[in-house]
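Reading through the structure tokens given below for one structure.
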Amino acid sequence: MYPKDLKYDREHEWVRLEGGIAVMGISHFAQDQLGEVVYVDLPTAGATLSAGDSFGEIESVKSVSELFSPVSGEIVEVNDELSDTPETVNEDPYGDGWMIKVSLSDPSQVDALMDADGYEAFLAEAE
Amino acid sequence: MSEPSRTTPLHDEHVALGARMVDFAGWRMPVQYQGIIDEHNAVRTGVGIFDVSHMGEFRLFGSDAKAALERIVTNDLDRIDVVGHALYTVMCDEDGGIIDDLIVYHTGDLEYLVVVNAANRETDWAWITSHLPPTVEAVDESDRTALIAVQGPGALAVVSELAGPSWEPPGRFSLGEATLDGVGVLVARTGYTGEDGVELFCHTSHAVALWRLLLSFPEVTPCGLGARDTLRLEMGYALYGSDMDRGVDPVSAGLGWVVPKTKSGYIGHAAIARIREAGPSRKLVGLTVGKGVPRHGYTLLREGAEVGKVASGTFSPTLGHGIATAYVPAGLAEPGTALEMEIRRKTVGATVVRPPFVKETSLTASGS
């Protein structure tokens with residue numbers, strides 16, 4: 001459910017470090033809470049984000065959630081496939097359901113995020 | 001709301017099936033089991049069952065019951081003079097404001113069953129009983145009545161198999177009886193999905209047995225309120241509280257067809273006749289959008305100026321795009337009219353269409 005090689009934030013995004021690039025998506029918990037995803041609205045590559053900024057929206061039949069970036073940097077790639085196949089977010093949230101890649105301006109921001117154990121403890125507390 | 005939510009007799013069944021439970025109109029109800037879209041598609045292509053035991057059931061008895069009901073509801077009970085027939089209608093206050101929408105079933109000689117929305121049960125009971133003469137007996141059977149909707153192109157086959165070879169299903173918008181594995185049920189050929197199917201009324205003590213019996217068919221999918229909403233909105237069926245309320249009359253709400261022009265003498269008639277004569281200033285219309293999911297309360301614009309708010313909105317699983325209803329000025333109600341909808345930070349095009357949004361279902365196919 002919560003891969004050990006990822007970092008997580010309290011808004012239920014995950015981050016995977018690939019060199020100086022942070023790949024981002026939403027956690028299993030987030031996709032399960034939303035239900036079947038019908039739209040993913042993402043920015044275009046080249047935009048810059050500050051930690052805490054909204055970078056898009058994700059909609060299911062019943063609800064809509066904003067996507068927040070826990071890190072700062074420039075968006076270098078966007079998963080455009082999700083506009084045609086938003087359900088990938090449910091089916092493979094940590095793989096093909098990734099959303100954006102950000103070239104980090106401050107890699108230490110990733111260290112401050114929760115690891116898988118910390119995130120699971122956070123979820124258990126929120127129950 | 002500080003009062004604890006009420007539960008239906010099937011509450012523990014829903015929990016055991018892994019349903020996500022939510023509070024709805026003071027009731028703890030399943031919004032989904034496996035997923036809204038899968039449940040929606042099960043009803044469009046197979047069979048889905050819904051626990052709608054939260055709805056209210058009132059029984060009216062007596063020689064004066066018909067005349068008393070005729071004064072309360074807008075539709076014409078002459079249309080269901082034959083015992084076993086059912087009628088969709090609204091009831092209004094003196095100003096023509098809709099108190100509720102309901103189905104009246106002619107259950108027997110001098111007997112009627114009235115099924116009302118859960119959220120309005122107390123209001124409706126007070127309204128109806130305050131307008132009954134002492135010669136009409138009314139009983140609120142809601143707490144003793146479970147209601148399970150069996151809907152979809154395969155629904156009749158399932159019920160028929162349980163009812164046995166000699167059983168004849170009731171016609172569309174009619175009532176019958178059946179014994180399903182020893183459980184006596186009232187079978188109404190009605191529903192809120194646009195598909196063929198029935199609604200089964202039984203005593204609450206038999207609800208669990210009936211629910212499990214239906215689920216013993218592998219083709220039967222349990223469905224929650226989420227799919228119930230997407231299914232009904234695809235058909236353009238109005239939902240009380242979203243598409244209509246006390247502040248709107250049936251003509252503006254697109255329900256003029258349940259207010260026959262030939263009928264008078266019911267509560268609200270004078271007000272509704274005036275609105276009909278002048279033409280409603282605002283009308284409920286259907287809307288489709290290309291991108292994003294419309295939701296209740298979103299703003300509608302015409303050339304940048306606000307013209308209305310979304311009443312009901314959702315993503316249509318059948319069509320693959322957003323659909324909505326909204327009250328707009330009568331001059332903007334023509335199908336094809338181009339409007340804009342503010343979907344959060346974006347403004348998207350919205351086109352007025354004539355519901356139903358989904359034209360072809362097992363009901364249209366069977367021609368009934």
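We label chains A, B, ... in the order they appear in the structure tokens, count residues from 1 in each chain, and number ligands from 1 in the order shown.
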Q) Could you list, as an NGL selection string, every residue of chain A that has an atom within 7 Å of an atom of chain B, counting only C-alpha atoms? A) :A and (35-36 or 39 or 61)
Give me a file of those residues, with N, CA and C atoms, as a JSON list (two decimals), in the first residue's frame.
```json
[["chain", "number", "residue", "atom", "x", "y", "z"],
["A", 35, "GLY", "N", -12.36, 7.61, -4.61],
["A", 35, "GLY", "CA", -13.13, 6.74, -5.49],
["A", 35, "GLY", "C", -12.66, 6.92, -6.93],
["A", 36, "GLU", "N", -13.43, 6.35, -7.85],
["A", 36, "GLU", "CA", -13.02, 6.33, -9.25],
["A", 36, "GLU", "C", -12.74, 7.75, -9.77],
["A", 39, "TYR", "N", -11.39, 12.93, -13.62],
["A", 39, "TYR", "CA", -10.60, 14.02, -14.22],
["A", 39, "TYR", "C", -9.36, 14.29, -13.40],
["A", 61, "VAL", "N", -16.40, 10.97, -9.06],
["A", 61, "VAL", "CA", -17.83, 11.25, -9.23],
["A", 61, "VAL", "C", -18.32, 12.09, -8.06]]
```
Exercise: A:Glu74 partners within 10 Å, only C-alpha atoms, chain neighbours under 5 positions left out, as a short mmCIF file (atom, residue, chain, number, x, y, z; two decimals) with N, CA and C atoms, in the first residue's frame:
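Wrote it out as around-v7.cif, contents follow:
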```cif
data_model
loop_
_atom_site.label_atom_id
_atom_site.label_comp_id
_atom_site.auth_asym_id
_atom_site.auth_seq_id
_atom_site.Cartn_x
_atom_site.Cartn_y
_atom_site.Cartn_z
N ILE A 21 15.37 15.19 -9.31
CA ILE A 21 13.99 15.32 -9.77
C ILE A 21 13.06 14.62 -8.78
N ALA A 45 4.30 21.86 -18.23
CA ALA A 45 5.72 21.85 -17.89
C ALA A 45 6.29 23.26 -18.05
N GLY A 46 7.23 23.60 -17.18
CA GLY A 46 7.84 24.93 -17.23
C GLY A 46 7.37 25.83 -16.11
N ALA A 47 6.21 25.52 -15.55
CA ALA A 47 5.71 26.32 -14.43
C ALA A 47 6.57 26.08 -13.19
N THR A 48 6.65 27.07 -12.33
CA THR A 48 7.41 26.89 -11.10
C THR A 48 6.46 26.84 -9.91
N LEU A 49 6.86 26.03 -8.94
CA LEU A 49 6.04 25.80 -7.75
C LEU A 49 6.82 26.15 -6.51
N SER A 50 6.12 26.70 -5.52
CA SER A 50 6.69 26.81 -4.17
C SER A 50 6.00 25.76 -3.31
N LYS A 101 6.72 15.84 -12.55
CA LYS A 101 8.12 15.75 -12.14
C LYS A 101 8.64 17.17 -11.93
N VAL A 102 9.29 17.37 -10.81
CA VAL A 102 9.75 18.71 -10.43
C VAL A 102 11.26 18.70 -10.23
N SER A 103 11.92 19.64 -10.88
CA SER A 103 13.35 19.82 -10.64
C SER A 103 13.50 20.63 -9.35
N LEU A 104 14.05 19.99 -8.32
CA LEU A 104 13.99 20.57 -6.98
C LEU A 104 14.92 21.78 -6.83
N SER A 105 14.38 22.83 -6.25
CA SER A 105 15.24 23.97 -5.94
C SER A 105 15.82 23.83 -4.52
#
```
Hey, what's within 9 Å of A:Phe29 if we count only C-alpha atoms and toss same-chain stuff fewer than 4 positions away? As a compact mmCIF listing (two decimals) with N, CA and C atoms, in the first residue's frame, please?
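Output saved as selection23.txt:
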```
# COMPACT_ATOMS: atom_id res chain seq x y z
N MET A 1 0.83 -1.22 0.00
CA MET A 1 0.00 0.00 0.00
C MET A 1 0.86 1.27 0.00
N TYR A 2 1.94 1.26 0.80
CA TYR A 2 2.76 2.47 0.95
C TYR A 2 4.24 2.12 0.78
N HIS A 12 -1.48 13.80 1.47
CA HIS A 12 -1.57 12.49 0.81
C HIS A 12 -0.94 12.45 -0.58
N GLN A 33 -10.00 7.08 -1.01
CA GLN A 33 -10.99 8.00 -0.46
C GLN A 33 -11.78 8.70 -1.57
N LEU A 34 -11.09 9.08 -2.62
CA LEU A 34 -11.76 9.78 -3.72
C LEU A 34 -12.74 8.87 -4.45
N LEU A 123 -1.86 8.16 9.20
CA LEU A 123 -3.18 7.73 8.74
C LEU A 123 -3.93 7.07 9.90
```
Q) Which residues, written as a ChimeraX atom specification, have at least one atom at most 7 Å from stretch 110-118 of chain A, with only C-alpha atoms counted and residues fewer than 3 positions away on the same chain left out? A) /A:2-4,6-9,71,107,121-122
Q. Taking the backbone alone, and naming residues the way the document does, which bits of chain A are helix (DSSP H, G or I) by DSSP, as a count of residues only?
A. 30
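Here atom CA of B:Ala330 stands at a distance of 25.5 Å from atom CA of B:Lys346.
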Q. Please, what distance in Å, to one decimal, runs between atom CA of B:Ala157 and atom CA of B:Asp109?
A. 29.8 Å
Q.
Residues within 12 Å of A:Asp96, please, as a PyMOL selection string. Count only C-alpha atoms; anything in the same chain fewer than 5 positions from it doesn't count.
A. chain A and resi 23-26+78-82+85-91
Q: For stretch 92-108 of chain B, list every protein, DNA or RNA residue within 6 Å, evaluated using only C-alpha atoms, and leave out those in the same chain fewer than 4 positions away; present the list as a VMD selection string.
A: chain B and resid 83 to 88 112 to 116 245 to 249 267 to 268 271 to 272
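For the choices B:Asn75, B:Thr7, B:Ser130, B:Ser53, the atom-to-atom distance to B:Glu199 is smallest for B:Ser53 when using only C-alpha atoms.
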